[in-house]
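As stored in model.cif (mmCIF, C-alpha atoms):
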```cif
data_start
loop_
_atom_site.label_atom_id
_atom_site.label_comp_id
_atom_site.auth_asym_id
_atom_site.auth_seq_id
_atom_site.Cartn_x
_atom_site.Cartn_y
_atom_site.Cartn_z
CA GLY A 1 -18.16 -3.28 15.03
CA ALA A 2 -16.15 -4.81 17.84
CA VAL A 3 -17.75 -4.42 21.25
CA VAL A 4 -16.13 -4.42 24.66
CA SER A 5 -18.41 -4.61 27.66
CA GLN A 6 -17.26 -3.42 31.06
CA HIS A 7 -19.11 -4.07 34.30
CA PRO A 8 -20.07 -2.48 36.60
CA SER A 9 -20.31 1.02 35.16
CA TRP A 10 -20.02 2.48 38.63
CA VAL A 11 -19.36 1.18 42.12
CA ILE A 12 -19.13 2.68 45.58
CA CYS A 13 -17.28 0.73 48.23
CA LYS A 14 -15.98 1.22 51.73
CA SER A 15 -12.32 1.71 52.42
CA GLY A 16 -10.53 -1.61 52.97
CA THR A 17 -12.81 -3.70 50.78
CA SER A 18 -11.99 -5.19 47.38
CA VAL A 19 -13.74 -4.48 44.12
CA LYS A 20 -13.73 -6.57 40.95
CA ILE A 21 -14.26 -5.06 37.51
CA GLU A 22 -15.00 -7.26 34.50
CA CYS A 23 -14.10 -6.62 30.90
CA ARG A 24 -15.53 -8.76 28.11
CA SER A 25 -14.98 -8.76 24.38
CA LEU A 26 -18.39 -9.66 23.02
CA ASP A 27 -17.79 -10.46 19.37
CA PHE A 28 -14.10 -11.13 18.97
CA GLN A 29 -11.30 -12.96 20.70
CA ALA A 30 -9.08 -10.59 22.63
CA THR A 31 -5.52 -11.84 22.64
CA THR A 32 -4.44 -8.79 24.60
CA MET A 33 -6.30 -6.63 27.08
CA PHE A 34 -5.18 -3.38 28.64
CA TRP A 35 -6.29 -1.64 31.81
CA TYR A 36 -6.20 2.13 32.18
CA ARG A 37 -6.99 4.55 34.95
CA GLN A 38 -8.10 8.13 34.47
CA PHE A 39 -8.34 10.89 37.06
CA PRO A 40 -10.53 13.96 36.49
CA LYS A 41 -9.23 16.35 33.83
CA GLN A 42 -6.32 14.03 33.04
CA SER A 43 -5.47 11.64 30.26
CA LEU A 44 -5.65 7.86 30.47
CA MET A 45 -2.79 6.18 32.27
CA LEU A 46 -1.89 2.63 31.28
CA MET A 47 -1.80 0.34 34.30
CA ALA A 48 -1.09 -3.07 32.82
CA THR A 49 -1.15 -5.29 29.78
CA SER A 50 -2.48 -8.80 29.95
CA ASN A 51 -2.28 -11.64 27.49
CA GLU A 52 -4.62 -14.58 27.76
CA GLY A 53 -3.21 -17.32 29.93
CA SER A 54 -0.16 -15.44 31.15
CA LYS A 55 0.68 -13.01 33.91
CA ALA A 56 -0.03 -9.34 33.39
CA THR A 57 2.76 -6.88 32.73
CA TYR A 58 2.43 -3.84 34.96
CA GLU A 59 3.60 -0.33 34.14
CA GLN A 60 6.15 1.28 36.39
CA GLY A 61 4.64 2.54 39.61
CA VAL A 62 1.56 0.32 39.50
CA GLU A 63 1.37 -2.10 42.42
CA LYS A 64 0.65 -5.57 41.11
CA ASP A 65 -0.45 -6.85 44.53
CA LYS A 66 -3.00 -4.09 44.80
CA PHE A 67 -4.37 -4.28 41.27
CA LEU A 68 -4.86 -7.96 40.49
CA ILE A 69 -5.45 -8.74 36.85
CA ASN A 70 -6.72 -12.04 35.54
CA HIS A 71 -7.12 -12.87 31.86
CA ALA A 72 -8.33 -16.43 32.00
CA SER A 73 -10.02 -16.58 28.62
CA LEU A 74 -9.90 -14.88 25.25
CA THR A 75 -13.05 -12.92 26.06
CA LEU A 76 -12.72 -12.01 29.72
CA SER A 77 -10.29 -10.06 31.86
CA THR A 78 -10.86 -8.89 35.41
CA LEU A 79 -9.24 -6.18 37.50
CA THR A 80 -9.54 -6.48 41.27
CA VAL A 81 -8.70 -3.44 43.36
CA THR A 82 -7.70 -4.95 46.70
CA SER A 83 -8.04 -3.13 50.02
CA ALA A 84 -9.33 -0.05 48.26
CA HIS A 85 -8.63 3.39 49.68
CA PRO A 86 -10.09 6.79 48.79
CA GLU A 87 -7.06 7.60 46.64
CA ASP A 88 -7.99 4.62 44.43
CA SER A 89 -11.18 6.42 43.45
CA SER A 90 -10.90 6.87 39.72
CA PHE A 91 -12.32 5.97 36.31
CA TYR A 92 -11.02 2.54 35.27
CA ILE A 93 -11.18 1.63 31.59
CA CYS A 94 -10.38 -1.62 29.90
CA SER A 95 -9.57 -2.22 26.27
CA ALA A 96 -9.14 -5.26 24.11
CA ARG A 97 -7.36 -6.09 20.92
CA GLY A 98 -7.72 -8.95 18.52
CA GLN A 99 -5.08 -10.40 16.27
CA GLY A 100 -2.65 -8.59 14.02
CA VAL A 101 -2.73 -4.82 13.66
CA SER A 102 -6.33 -4.36 14.71
CA PRO A 103 -7.09 -1.25 16.79
CA LEU A 104 -8.00 -1.23 20.46
CA HIS A 105 -11.64 -1.29 21.45
CA PHE A 106 -12.53 0.24 24.78
CA GLY A 107 -15.13 -0.45 27.39
CA ASN A 108 -17.23 2.39 28.72
CA GLY A 109 -15.33 2.53 31.97
CA THR A 110 -16.07 1.93 35.65
CA ARG A 111 -16.35 4.85 38.03
CA LEU A 112 -14.98 3.66 41.38
CA THR A 113 -15.65 5.71 44.49
CA VAL A 114 -14.07 4.57 47.75
CA THR A 115 -15.58 6.10 50.88
CA ASP B 1 7.59 5.44 24.59
CA ALA B 2 7.09 7.27 21.34
CA LYS B 3 5.83 10.80 21.99
CA THR B 4 3.24 12.76 20.07
CA THR B 5 2.52 16.47 20.27
CA GLN B 6 -0.93 17.94 19.78
CA PRO B 7 -2.46 21.35 20.42
CA ASN B 8 -4.29 21.45 23.74
CA SER B 9 -7.51 22.71 22.22
CA MET B 10 -9.17 23.66 18.96
CA GLU B 11 -12.43 25.20 18.00
CA SER B 12 -14.53 24.65 14.92
CA ASN B 13 -17.90 25.58 13.52
CA GLU B 14 -20.59 23.06 12.86
CA GLU B 15 -20.66 21.62 9.34
CA GLU B 16 -17.17 22.91 8.55
CA PRO B 17 -14.10 20.70 8.09
CA VAL B 18 -11.69 20.27 10.97
CA HIS B 19 -8.01 19.48 10.67
CA LEU B 20 -6.43 18.15 13.85
CA PRO B 21 -2.61 18.09 13.67
CA CYS B 22 -0.20 15.73 15.38
CA ASN B 23 3.60 15.73 15.42
CA HIS B 24 5.49 12.50 16.00
CA SER B 25 9.06 13.23 15.00
CA THR B 26 10.48 10.17 16.78
CA ILE B 27 8.26 7.72 14.93
CA SER B 28 9.92 4.50 13.85
CA GLY B 29 9.28 2.51 10.71
CA THR B 30 6.90 0.01 12.27
CA ASP B 31 4.84 2.43 14.38
CA TYR B 32 1.23 2.68 13.36
CA ILE B 33 -0.46 6.04 13.90
CA HIS B 34 -3.72 5.66 15.79
CA TRP B 35 -6.42 8.21 16.54
CA TYR B 36 -9.02 7.84 19.26
CA ARG B 37 -11.52 10.23 20.73
CA GLN B 38 -13.13 10.40 24.14
CA LEU B 39 -16.37 11.98 25.22
CA PRO B 40 -16.81 12.90 28.89
CA SER B 41 -17.33 9.93 31.20
CA GLN B 42 -16.93 7.41 28.38
CA GLY B 43 -14.19 5.12 27.21
CA PRO B 44 -12.21 6.20 24.16
CA GLU B 45 -13.59 5.42 20.74
CA TYR B 46 -11.42 4.25 17.85
CA VAL B 47 -11.40 6.71 14.96
CA ILE B 48 -8.79 5.64 12.43
CA HIS B 49 -5.26 4.34 12.03
CA GLY B 50 -2.61 4.12 9.35
CA LEU B 51 1.02 3.35 8.63
CA THR B 52 2.21 5.23 5.55
CA SER B 53 -0.64 5.89 3.15
CA ASN B 54 -3.56 8.20 3.73
CA VAL B 55 -6.62 6.42 5.06
CA ASN B 56 -10.33 7.10 4.84
CA ASN B 57 -13.24 5.60 6.73
CA ARG B 58 -16.79 6.60 7.52
CA MET B 59 -15.71 8.73 10.47
CA ALA B 60 -12.67 10.60 9.22
CA SER B 61 -9.62 10.77 7.00
CA LEU B 62 -6.02 10.46 8.08
CA ALA B 63 -3.36 12.31 6.14
CA ILE B 64 0.18 11.12 6.87
CA ALA B 65 3.20 13.22 5.90
CA GLU B 66 5.66 11.65 3.52
CA ASP B 67 8.37 11.52 6.19
CA ARG B 68 5.75 10.23 8.68
CA LYS B 69 6.80 12.77 11.27
CA SER B 70 3.38 14.31 11.37
CA SER B 71 -0.20 13.47 10.56
CA THR B 72 -3.57 15.20 10.39
CA LEU B 73 -6.96 13.88 11.31
CA ILE B 74 -9.64 15.37 9.09
CA LEU B 75 -13.27 15.52 10.05
CA HIS B 76 -14.99 16.53 6.83
CA ARG B 77 -18.08 18.13 8.36
CA ALA B 78 -17.97 18.69 12.10
CA THR B 79 -21.12 18.07 14.08
CA LEU B 80 -21.87 18.86 17.70
CA ARG B 81 -21.39 15.17 18.46
CA ASP B 82 -17.77 15.43 17.33
CA ALA B 83 -16.89 17.58 20.35
CA ALA B 84 -14.44 15.41 22.27
CA VAL B 85 -10.80 14.98 23.24
CA TYR B 86 -8.89 13.56 20.28
CA TYR B 87 -5.78 11.50 20.93
CA CYS B 88 -3.04 10.80 18.41
CA ILE B 89 -0.98 7.81 19.55
CA LEU B 90 1.81 5.70 18.12
CA TRP B 91 1.18 2.00 18.53
CA ARG B 92 4.25 0.27 19.89
CA SER B 93 2.81 -2.91 21.41
CA LYS B 94 0.63 -0.70 23.59
CA LEU B 95 -1.13 2.67 23.52
CA ILE B 96 0.28 5.39 25.71
CA PHE B 97 -2.08 8.35 25.77
CA GLY B 98 -0.85 11.93 25.73
CA GLN B 99 -2.97 14.93 26.64
CA GLY B 100 -4.83 15.08 23.35
CA THR B 101 -6.68 17.95 21.69
CA GLU B 102 -9.97 19.09 23.13
CA LEU B 103 -12.18 19.93 20.17
CA SER B 104 -15.16 22.17 20.69
CA VAL B 105 -17.77 22.63 17.96
CA LYS B 106 -19.86 25.77 17.78
CA PRO B 107 -23.36 25.64 16.32
#
```
Take the structure I supplied and represent it as structure tokens, if you would.
Amino acid sequence: GAVVSQHPSWVICKSGTSVKIECRSLDFQATTMFWYRQFPKQSLMLMATSNEGSKATYEQGVEKDKFLINHASLTLSTLTVTSAHPEDSSFYICSARGQGVSPLHFGNGTRLTVT
Amino acid sequence: DAKTTQPNSMESNEEEPVHLPCNHSTISGTDYIHWYRQLPSQGPEYVIHGLTSNVNNRMASLAIAEDRKSSTLILHRATLRDAAVYYCILWRSKLIFGQGTELSVKP
């Protein structure tokens, strides 16, 4: 089946630093990738949608200058949390979709802790 | 965004069938019904999806009402590994997750 690899699986960083999370589709071309954030005991919240080669579309309330998304190829998207603060600590999950009406395939998430 | 309504939690016994309901009364004609499940500290896992007809795969079956305003995910024989949060979502160019149903399976 379709595999999405997300790296790193966990990261601890100091407040004020930036963190980059990678999301790769390993065996299919992902025309669209989505980034989600999930706080403890809550559901996933969609942050942004990115299509290869174009700018990401951010959901309302998500700061595009803080959460930089790059989708430079059909197999790789990155999310950079800039100037991270403790309130950015969360579980970040990417997902990817191929062509047509195929379902989303999710990475295993990145646990970000900002100290 | 199209809204779905699911019970917060359900309980089942191991090796018995489980029927997980979902209401989506505002569904439009082109909305696909997707089901995903999530185990703790993992990304969601695709379970099944459909448009109008009932669907079967190796994981589950999806029964869609004739008016498409509701659907039911059927796990034919629940195992302990099926304990998870199950999300019913309408695909409308993106997946917006609701609160889902937390399924617990008793041995």
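Applying a distance limit of 8 Å to all atoms listed in the file, the residues of chain B near chain A read His34, Ser41, Gln42, Gly43, Pro44, Glu45, Tyr46, His49, Lys94, Leu95, Ile96, Phe97, Gly98, Gln99 and Gly100 of chain B.
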Okay, now the selection with C-alpha atoms, as a PDB file, keeping the file's coordinate frame?
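File written: selection08.pdb
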```pdb
ATOM      1  CA  HIS B  34      -3.720   5.660  15.790  1.00  0.00           C
ATOM      2  CA  SER B  41     -17.330   9.930  31.200  1.00  0.00           C
ATOM      3  CA  GLN B  42     -16.930   7.410  28.380  1.00  0.00           C
ATOM      4  CA  GLY B  43     -14.190   5.120  27.210  1.00  0.00           C
ATOM      5  CA  PRO B  44     -12.210   6.200  24.160  1.00  0.00           C
ATOM      6  CA  GLU B  45     -13.590   5.420  20.740  1.00  0.00           C
ATOM      7  CA  TYR B  46     -11.420   4.250  17.850  1.00  0.00           C
ATOM      8  CA  HIS B  49      -5.260   4.340  12.030  1.00  0.00           C
ATOM      9  CA  LYS B  94       0.630  -0.700  23.590  1.00  0.00           C
ATOM     10  CA  LEU B  95      -1.130   2.670  23.520  1.00  0.00           C
ATOM     11  CA  ILE B  96       0.280   5.390  25.710  1.00  0.00           C
ATOM     12  CA  PHE B  97      -2.080   8.350  25.770  1.00  0.00           C
ATOM     13  CA  GLY B  98      -0.850  11.930  25.730  1.00  0.00           C
ATOM     14  CA  GLN B  99      -2.970  14.930  26.640  1.00  0.00           C
ATOM     15  CA  GLY B 100      -4.830  15.080  23.350  1.00  0.00           C
TER      16      GLY B 100
END
```
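One finds atom CA of A:Thr31 at 5.8 Å from atom CA of A:Asn51.
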Exercise for the section: Report as JSON, numbers by chain the full result of the PyMOL selection byres ((chain B and resi 50-67) around 7) when it is applied to this structure. Expected result: {"B": [31, 32, 33, 34, 47, 49, 68, 69, 70, 71, 72, 73, 74, 75, 76]}
Practice task
Translate the PyMOL selection byres ((chain B and resi 106) around 6), as applied to the file shown, into an explicit residue set as a ChimeraX atom specification.
Solution key: /B:13-14,105,107
Dump C-alpha atoms for the selected residues as an mmCIF file, keeping the file's coordinate frame?
```
data_model
loop_
_atom_site.group_PDB
_atom_site.id
_atom_site.type_symbol
_atom_site.label_atom_id
_atom_site.label_comp_id
_atom_site.auth_asym_id
_atom_site.auth_seq_id
_atom_site.Cartn_x
_atom_site.Cartn_y
_atom_site.Cartn_z
ATOM 1 C CA ASN B 13 -17.900 25.580 13.520
ATOM 2 C CA GLU B 14 -20.590 23.060 12.860
ATOM 3 C CA VAL B 105 -17.770 22.630 17.960
ATOM 4 C CA PRO B 107 -23.360 25.640 16.320
#
```
Completion exercise
Correct to one decimal, the distance atom CA of A:Cys23-atom CA of A:Asn70 is 10.3 Å
Problem - Picked residues, the PyMOL selection byres ((chain A and resi 114) around 12), expected as a PyMOL selection string - result: chain A and resi 10-19+81-91+111-113+115
Practice task
Please identify all polymer residues within 6 Å of stretch 80-84 of chain B, counting only C-alpha atoms, omitting same-chain residues fewer than 3 positions from it, and present them as a count of residues only.
Solution key: 6
Problem - Atomic distance atom CA of B:Pro17 - atom CA of A:Val3, expressed in Å with one decimal - result: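 Atom CA of A:Val3 lies at a distance of 28.6 Å from atom CA of B:Pro17.
Of the residues listed (A:Thr57, A:Gly100, A:Trp35, A:Asp27), A:Trp35 shows the shortest atom-to-atom separation from A:Thr80; distances use all atoms listed in the file.
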Kindly output stretch 38-49 of chain A as a CSV table (one decimal), in the coordinates of the input, after building all heavy atoms.
```
chain,number,residue,atom,x,y,z
A,38,GLN,N,-8.0,6.7,34.9
A,38,GLN,CA,-8.1,8.1,34.5
A,38,GLN,C,-8.7,9.0,35.6
A,38,GLN,O,-9.8,8.7,36.1
A,38,GLN,CB,-9.0,8.3,33.2
A,38,GLN,CG,-9.0,9.7,32.7
A,38,GLN,CD,-9.8,9.8,31.4
A,38,GLN,OE1,-10.8,9.0,31.2
A,38,GLN,NE2,-9.4,10.6,30.4
A,39,PHE,N,-7.9,10.0,36.0
A,39,PHE,CA,-8.3,10.9,37.1
A,39,PHE,C,-9.0,12.1,36.4
A,39,PHE,O,-8.7,12.3,35.2
A,39,PHE,CB,-7.2,11.3,38.0
A,39,PHE,CG,-6.6,10.2,38.8
A,39,PHE,CD1,-5.4,9.6,38.5
A,39,PHE,CD2,-7.4,9.7,39.9
A,39,PHE,CE1,-5.0,8.5,39.3
A,39,PHE,CE2,-6.9,8.6,40.7
A,39,PHE,CZ,-5.7,8.0,40.3
A,40,PRO,N,-9.8,12.8,37.1
A,40,PRO,CA,-10.5,14.0,36.5
A,40,PRO,C,-9.6,14.9,35.8
A,40,PRO,O,-8.5,15.3,36.3
A,40,PRO,CB,-11.2,14.6,37.7
A,40,PRO,CG,-11.4,13.5,38.7
A,40,PRO,CD,-10.2,12.6,38.5
A,41,LYS,N,-10.0,15.4,34.6
A,41,LYS,CA,-9.2,16.4,33.8
A,41,LYS,C,-7.9,15.9,33.4
A,41,LYS,O,-7.0,16.7,32.9
A,41,LYS,CB,-9.0,17.7,34.6
A,41,LYS,CG,-10.3,18.3,35.1
A,41,LYS,CD,-11.1,18.8,34.0
A,41,LYS,CE,-12.3,19.6,34.5
A,41,LYS,NZ,-13.2,20.0,33.5
A,42,GLN,N,-7.6,14.6,33.5
A,42,GLN,CA,-6.3,14.0,33.0
A,42,GLN,C,-6.5,13.0,31.9
A,42,GLN,O,-7.6,12.6,31.7
A,42,GLN,CB,-5.6,13.4,34.2
A,42,GLN,CG,-5.2,14.4,35.3
A,42,GLN,CD,-4.3,13.7,36.4
A,42,GLN,OE1,-3.7,12.7,36.1
A,42,GLN,NE2,-4.3,14.3,37.5
A,43,SER,N,-5.4,12.6,31.3
A,43,SER,CA,-5.5,11.6,30.3
A,43,SER,C,-5.5,10.2,30.9
A,43,SER,O,-5.4,10.1,32.1
A,43,SER,CB,-4.3,11.8,29.4
A,43,SER,OG,-4.3,10.9,28.3
A,44,LEU,N,-5.7,9.2,30.0
A,44,LEU,CA,-5.6,7.9,30.5
A,44,LEU,C,-4.2,7.4,30.8
A,44,LEU,O,-3.3,7.8,30.1
A,44,LEU,CB,-6.2,6.9,29.4
A,44,LEU,CG,-7.7,6.9,29.1
A,44,LEU,CD1,-8.1,8.1,28.3
A,44,LEU,CD2,-8.1,5.6,28.4
A,45,MET,N,-4.1,6.7,31.9
A,45,MET,CA,-2.8,6.2,32.3
A,45,MET,C,-2.8,4.6,32.2
A,45,MET,O,-3.7,4.0,32.8
A,45,MET,CB,-2.4,6.6,33.7
A,45,MET,CG,-1.0,6.2,34.1
A,45,MET,SD,-0.8,6.4,35.9
A,45,MET,CE,-1.5,4.8,36.4
A,46,LEU,N,-1.9,4.1,31.4
A,46,LEU,CA,-1.9,2.6,31.3
A,46,LEU,C,-1.4,2.0,32.6
A,46,LEU,O,-0.4,2.4,33.1
A,46,LEU,CB,-1.0,2.2,30.1
A,46,LEU,CG,-0.8,0.7,29.9
A,46,LEU,CD1,-2.1,0.1,29.4
A,46,LEU,CD2,0.3,0.5,28.8
A,47,MET,N,-2.2,1.0,33.1
A,47,MET,CA,-1.8,0.3,34.3
A,47,MET,C,-1.1,-1.0,34.0
A,47,MET,O,0.0,-1.3,34.6
A,47,MET,CB,-3.0,0.0,35.1
A,47,MET,CG,-3.8,1.2,35.6
A,47,MET,SD,-5.3,0.8,36.4
A,47,MET,CE,-4.7,0.1,37.9
A,48,ALA,N,-1.7,-1.8,33.1
A,48,ALA,CA,-1.1,-3.1,32.8
A,48,ALA,C,-1.6,-3.6,31.5
A,48,ALA,O,-2.6,-3.2,31.0
A,48,ALA,CB,-1.5,-4.0,34.0
A,49,THR,N,-0.8,-4.6,31.0
A,49,THR,CA,-1.2,-5.3,29.8
A,49,THR,C,-1.3,-6.7,30.1
A,49,THR,O,-0.4,-7.3,30.8
A,49,THR,CB,0.0,-5.1,28.8
A,49,THR,OG1,0.2,-3.7,28.5
A,49,THR,CG2,-0.3,-5.9,27.5
```
